[in-house]
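Structure first, commentary second.
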Amino acid sequence: MTTIRRRTLLSGILGSALTLIRPHSALAADDVARVDDLIARMTIEEKAGQMTCLADSFRPFNPPNPQAGIQDEKRLAQEVRRGRVGCLFNGIGVAGARRAQDMAVKDSRLGIPLLFAGDVIHGLKTIFPVPLGESSCFDPALVERTARAMAVEATAAGLHLTFAPMVDVARDQRWGRVVEGAGEDVTLTGLLSAARIRGFQGRDLRRDDSLLACPKHFAAYGAVAAGLEYGNVDISEETLRETHLPPFGQAFAAGALTTMAAFNEINGVPATADSELLTDILRGEMKFRGFVFSDYTADEELVAHGFAEDDRDAARLAVLAGVDMSMQSGLYIRYLPDLVKSGAVPMGTIDVAVRRILYVKAAIGLFDNPYRSLNEEVEKTRIFTPAHRALAREAAAKSVVLLKNDGLLPIDPAKGQKIALIGPFAEDHANLYGPWAFYGDPDKGVDIATGLRAALPDPSQLTVTRGSDISATIDGGIAAAVDAAKAADIVLLAIGESQAMSGEAQSRTTIEIPAAQQALADAVVAAGKPVAVLLRHGRALALHDGVANANALLATWFLGSEAGHAIADILLGKVDPSAKLPVSFPWESGQEPFFYDRKSTGRPVVDKGSTEYKARYATTDNSARFPFGHGLSYTEFALDQLKLSDTALRWDAAIEVTARVTNKGKRKGSEVVQLYTRDRVASRTRPIREFKHMERVTLSPGESKTVRFSLSRTDLEFVGARNQRLAEPGVFDLWVGQSSVGGLNAQFTLYAEVKGQGTAS
């Protein structure tokens with residue numbers, strides 16, 4: 001960040017310290033008084049304890065990270081009784097939680113209840129599609145419904161908070177954590193993140209099924225260099241503020257009361273120790289009133305970053321920067337008491353952090369009812385219910401993107417065609433759920449073969465051949481697969497990534513189908529029978545040869561508990577595919593980082609023009625094989641009659657954009673109509689397109705509907721000089737289409753504000 005902004009750091013910290021101790025609006029006066037009384041009576045050790053989050057050893061524990069610093073139950077119980085723990089994470093089960101809460105409430109000096117947190121990223125026991133896959137639905141209402149179901153299950157299992165959603169905008173598909181978010185676009189990420197938070201938290205934070213959300217990772221984790229996990233971020237302030245901060249703003253506006261600092265550094269300063277980021281921007285500019293978690297041992301890692309001298313210094317830097325709760329390292333409970341005694345950390349800083357934490361505990365009703373969400377009868381009835389499984393099936397089917405189809409799909413089950421299901425994921429259970437679903441029982445998930453057999457009128461129509469393992473060949477596997485393909489009328493090829501290839505610490509240098517599976521695909525496609533490829537993956541992939549040349553391609557992600565049923569619903573035409581890509585599929589891995597809203601250059605490649613000395617690769621141009629927003633249907637949609645209510649957009653007014661969408665096919669289906677803009681000339685160069693609005697339309701054959709969008713000056717704002725958001729008068733292009741490529745095109749002009757005289761050009 002800039003030197004100029006560092007000069008104003010002290011005033012920012014002092015201003016924030018004065019304003020950010022105000023209680024959340026949901027708190028009653030007696031809650032505020034209770035918190036004030038507790039802080040007045042707490043020792044520095046008890047305050048540091050409230051600022052400490054540790055792994056839950058009282059209940060089954062499934063860590064996503066190495067088990068650094070995990071304590072046994074006896075030692076952890078001693079710490080809780082001494083008031084040296086404020087939050088436990090990643091254990092589930094009501095009985096163990098009640099036992100721990102008893103220790104906190106009945107045995108500790110002040111009786112402050114524990115907060116129970118966990119990584120419920122896309123399901124507890126009922127597993128929904130991975131967030132990236134579910135984001136393909138382009139449907140905030142559906143996303144809110146699945147988050148609500150997750151909250152019902154998580155709170156029934158004794159949790160108060162989930163470390164979700166991930167709202168990082170992912171700009172490089174080599175990054176493993178692409179799978180946890182909503183993709184490459186800032187607008188879509190913001191819309192779906194806010195929906196997930198509304199679903200998690202519900203309408204009343206004090207209800208026993210309200211699950212606190214923790215949008216993460218603040219900030220710019222999706223911009224790590226070369227997609228390398230835990231890596232560095234070197235970006236301009238404009239990019240930080242325009243691409244990576246806005247989804248957090250929408251998350252906080254949706255009611256999130258916690259957030260998590262990112263592992264990465266930004267321009268040389270690790271986020272966990274970045275006062276400008278966590279105090280000036282988060283608390284000062286964005287007016288965030290909740291509390292900040294560190295990520296797993298991220299405060300301790302300031303030493304390895306080369307930013308802190310030792311663990312004590314790391315604790316000092318993190319707390320002064322604005323990290324309120326330290327996760328798993330134990331640095332705060334070890335070092336904050338002495339840091340305060342020595343004067344290295346003001347007691348006022350500690351009090352502000354503790355007050356934020358206690359306000360959140362009060363906001364969810366923990367002081368009035370320490371045993372909220374800890375009901376064993378509820379635990380028996382709200383988890384893995386038929387209703388949740390039905391919703392998981394619906395969400396999974398709506399997350400499947402039909403990338404390519406030459407007419408092979410849907411399969412008509414009444415024709416009795418022989419179907420060969422080939423590939424390592426045909427009957428696989430270990431990779432149904434995807435990463436971050438460690439509470440789920442894989443044996444209860446529905447694999448592809450099981451789903452198809454249940455849907456076909458004659459299960460004997462289906463034969464299953466593995467062909468290869470995920471990353472290794474099988475002796476005779478390809479030959480057996482080719483024989484199975486030749487004996488079939490239709491081949492379904494289930495290939496892709498294992499769930500271990502996506503997620504945290506799973507950055508890849510190439511984003512391609514593993515070689516063993518690619519060889520299998522090439523041989524099966526060469527057999528000459530119609531082939532539909534069912535991709536399993538947690539990121540966009542670069543597809544080649546037999547895979548790319550198949551008759552049909554489907555992005556099936558990691559779809560969760562009902563994966564097999566949902567895939568069968570799509571393949572057999574029970575459900576019409578309607579999903580759209582939230583990430584761009586490149587031609588080659590080497591195009592990464594790649595995203596649709598990239599900038600032009602001084603030498604762009606122009607359609608039908610020469611490519612010599614232009615902005616292109618020697619081996620491929622810089623387009624996408626399948627662009628952001630792309631997704632086909634079994635019916636055909638056409639757009640026409642694009643109209644603007646005015647080609648002059650006045651400064652404080654809006655124009656209405658309409659277009660007609662018609663179902664020209666023979667099946668009922670849904671289309672997501674998308675609106676994009678481009679600012680032709682600006683004081684900061686602008687992307688070639690920017691996604692602004694969408695509308696989902698469901699139409700019967702022959703039916704038409706007019707979609708309507710309202711476009712105002714605020715839709716056209718960007719971050720300009722002095723980090724100010726502004727819109728500049730001038731000519732804009734507009735597209736209404738079915739992806740980020742093509743579409744109906746029009747132009748309009750934004751006119752400048754003329755004070756006292758209306759508007760003028």
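Simple scheme: letters A, B, ... for chains in structure tokens order, numbers from 1 for residues in each chain, numbers from 1 for ligands in the order shown.
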With DSSP run on the backbone, what are the strand (DSSP E or B) residues within region 273-386 of chain A? I'd like them as an NGL selection string.
:A and (291-293 or 325-327)
With a distance cut-off of 7 Å and only C-alpha atoms, select the neighbouring residues of Lys614 (chain A), excluding the residue or stretch itself and same-chain residues fewer than 4 positions from it, and output the selection as JSON, numbers by chain.
-> {"A": [603, 604, 605]}
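Of the residues under consideration (A:Thr297, A:Val130, A:Val94, A:Ala273), A:Thr297 shows the shortest atom-to-atom contact distance to Leu54 (chain A) when counting only C-alpha atoms.
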Quiz item: Counting only C-alpha atoms, what is within 8 Å of Ile478 (chain A), bar same-chain residues fewer than 6 positions away, as a list in words?
Solution: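 With the cut-off at 8 Å, the set is Gly467, Ser468, Leu520, Ala523 and Val524 of chain A.
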Please produce a file of the residues just selected, as a tab-separated table (two decimals), in the first residue's frame, where the atoms kept are all heavy atoms.
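Below is the file that was written, selection06.tsv:
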chain	number	residue	atom	x	y	z
A	467	GLY	N	-11.41	-48.74	-16.33
A	467	GLY	CA	-10.53	-48.24	-17.39
A	467	GLY	C	-9.18	-47.78	-16.91
A	467	GLY	O	-8.15	-48.11	-17.50
A	468	SER	N	-9.15	-46.95	-15.87
A	468	SER	CA	-7.89	-46.48	-15.30
A	468	SER	C	-8.17	-45.99	-13.89
A	468	SER	O	-9.33	-45.78	-13.51
A	468	SER	CB	-7.28	-45.34	-16.12
A	468	SER	OG	-7.92	-44.11	-15.85
A	520	LEU	N	-6.93	-42.84	-21.48
A	520	LEU	CA	-8.19	-43.60	-21.51
A	520	LEU	C	-9.21	-42.90	-22.40
A	520	LEU	O	-9.86	-43.54	-23.25
A	520	LEU	CB	-8.72	-43.75	-20.09
A	520	LEU	CG	-10.11	-44.36	-19.94
A	520	LEU	CD1	-10.11	-45.82	-20.38
A	520	LEU	CD2	-10.60	-44.24	-18.49
A	523	ALA	N	-8.43	-43.15	-26.17
A	523	ALA	CA	-8.70	-44.48	-26.73
A	523	ALA	C	-10.19	-44.74	-26.86
A	523	ALA	O	-10.66	-45.30	-27.86
A	523	ALA	CB	-8.04	-45.55	-25.85
A	524	VAL	N	-10.96	-44.34	-25.87
A	524	VAL	CA	-12.41	-44.58	-25.89
A	524	VAL	C	-13.07	-43.76	-27.00
A	524	VAL	O	-13.92	-44.27	-27.74
A	524	VAL	CB	-13.02	-44.27	-24.51
A	524	VAL	CG1	-14.54	-44.22	-24.60
A	524	VAL	CG2	-12.58	-45.31	-23.48
Apply DSSP to the structure's backbone, then extract all residues of region 23-171 of chain A labelled alpha helix (DSSP H) and return them as a PyMOL selection string. chain A and resi 29-41+44-50+73-81+94-102+131-135+140-156
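Each of A:Gly91, A:Thr662, A:Glu184, A:His537 was checked against Gly503 (chain A) using only C-alpha atoms; the smallest atom-to-atom distance is that of A:His537.
Nearest-residue note for Gln50 (chain A): choosing from A:Phe438, A:Tyr332, A:Phe748, A:Phe691, the minimum distance belongs to A:Tyr332, counting only C-alpha atoms.
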Under the rule that only C-alpha atoms are counted, which of A:Glu229, A:Glu285, A:Glu379, A:Asp295 is the nearest residue to Leu159 (chain A)?
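Ranking A:Glu229, A:Glu285, A:Glu379, A:Asp295 by distance to Leu159 (chain A), first place goes to A:Glu379.
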Can you pull out every residue within 8 Å of Leu302 (chain A), counting only C-alpha atoms, but drop anything in the same chain fewer than 5 positions away, and send it as a JSON list (two decimals) with N, CA and C atoms, in the first residue's frame?
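Saved file result-v6.json follows:
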[["chain", "number", "residue", "atom", "x", "y", "z"],
["A", 270, "PRO", "N", 2.01, -8.92, 5.43],
["A", 270, "PRO", "CA", 1.05, -10.02, 5.65],
["A", 270, "PRO", "C", -0.27, -9.48, 6.18],
["A", 272, "THR", "N", -2.37, -10.58, 8.19],
["A", 272, "THR", "CA", -2.56, -10.77, 9.63],
["A", 272, "THR", "C", -1.91, -9.66, 10.44],
["A", 273, "ALA", "N", -0.99, -8.92, 9.86],
["A", 273, "ALA", "CA", -0.33, -7.84, 10.57],
["A", 273, "ALA", "C", -0.52, -6.50, 9.87],
["A", 307, "PHE", "N", 8.40, -11.10, 8.90],
["A", 307, "PHE", "CA", 7.79, -9.83, 9.30],
["A", 307, "PHE", "C", 7.85, -9.64, 10.82],
["A", 308, "ALA", "N", 7.91, -10.74, 11.57],
["A", 308, "ALA", "CA", 8.00, -10.69, 13.02],
["A", 308, "ALA", "C", 9.29, -11.34, 13.48],
["A", 314, "ALA", "N", 5.12, -11.57, 16.93],
["A", 314, "ALA", "CA", 4.00, -11.87, 16.03],
["A", 314, "ALA", "C", 2.66, -11.59, 16.70]]
task = Within 6 Å of region 546-559 of chain A, counting only C-alpha atoms, which residues show up once you throw out same-chain ones fewer than 3 positions away? Write them as a list in words, please.
result =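 The neighbour list is Pro129, Val130, Gly133, Ala396, Val400, Val401, Leu402, Leu403, Lys404, Asn405, Asp406, Leu432, Tyr433, Gly434, Ala521, Asp522, Val525, Val531, Ala532, Val533, Leu534, Leu535, Arg536, His537, Gly538, Leu543 and Ala563 of chain A.
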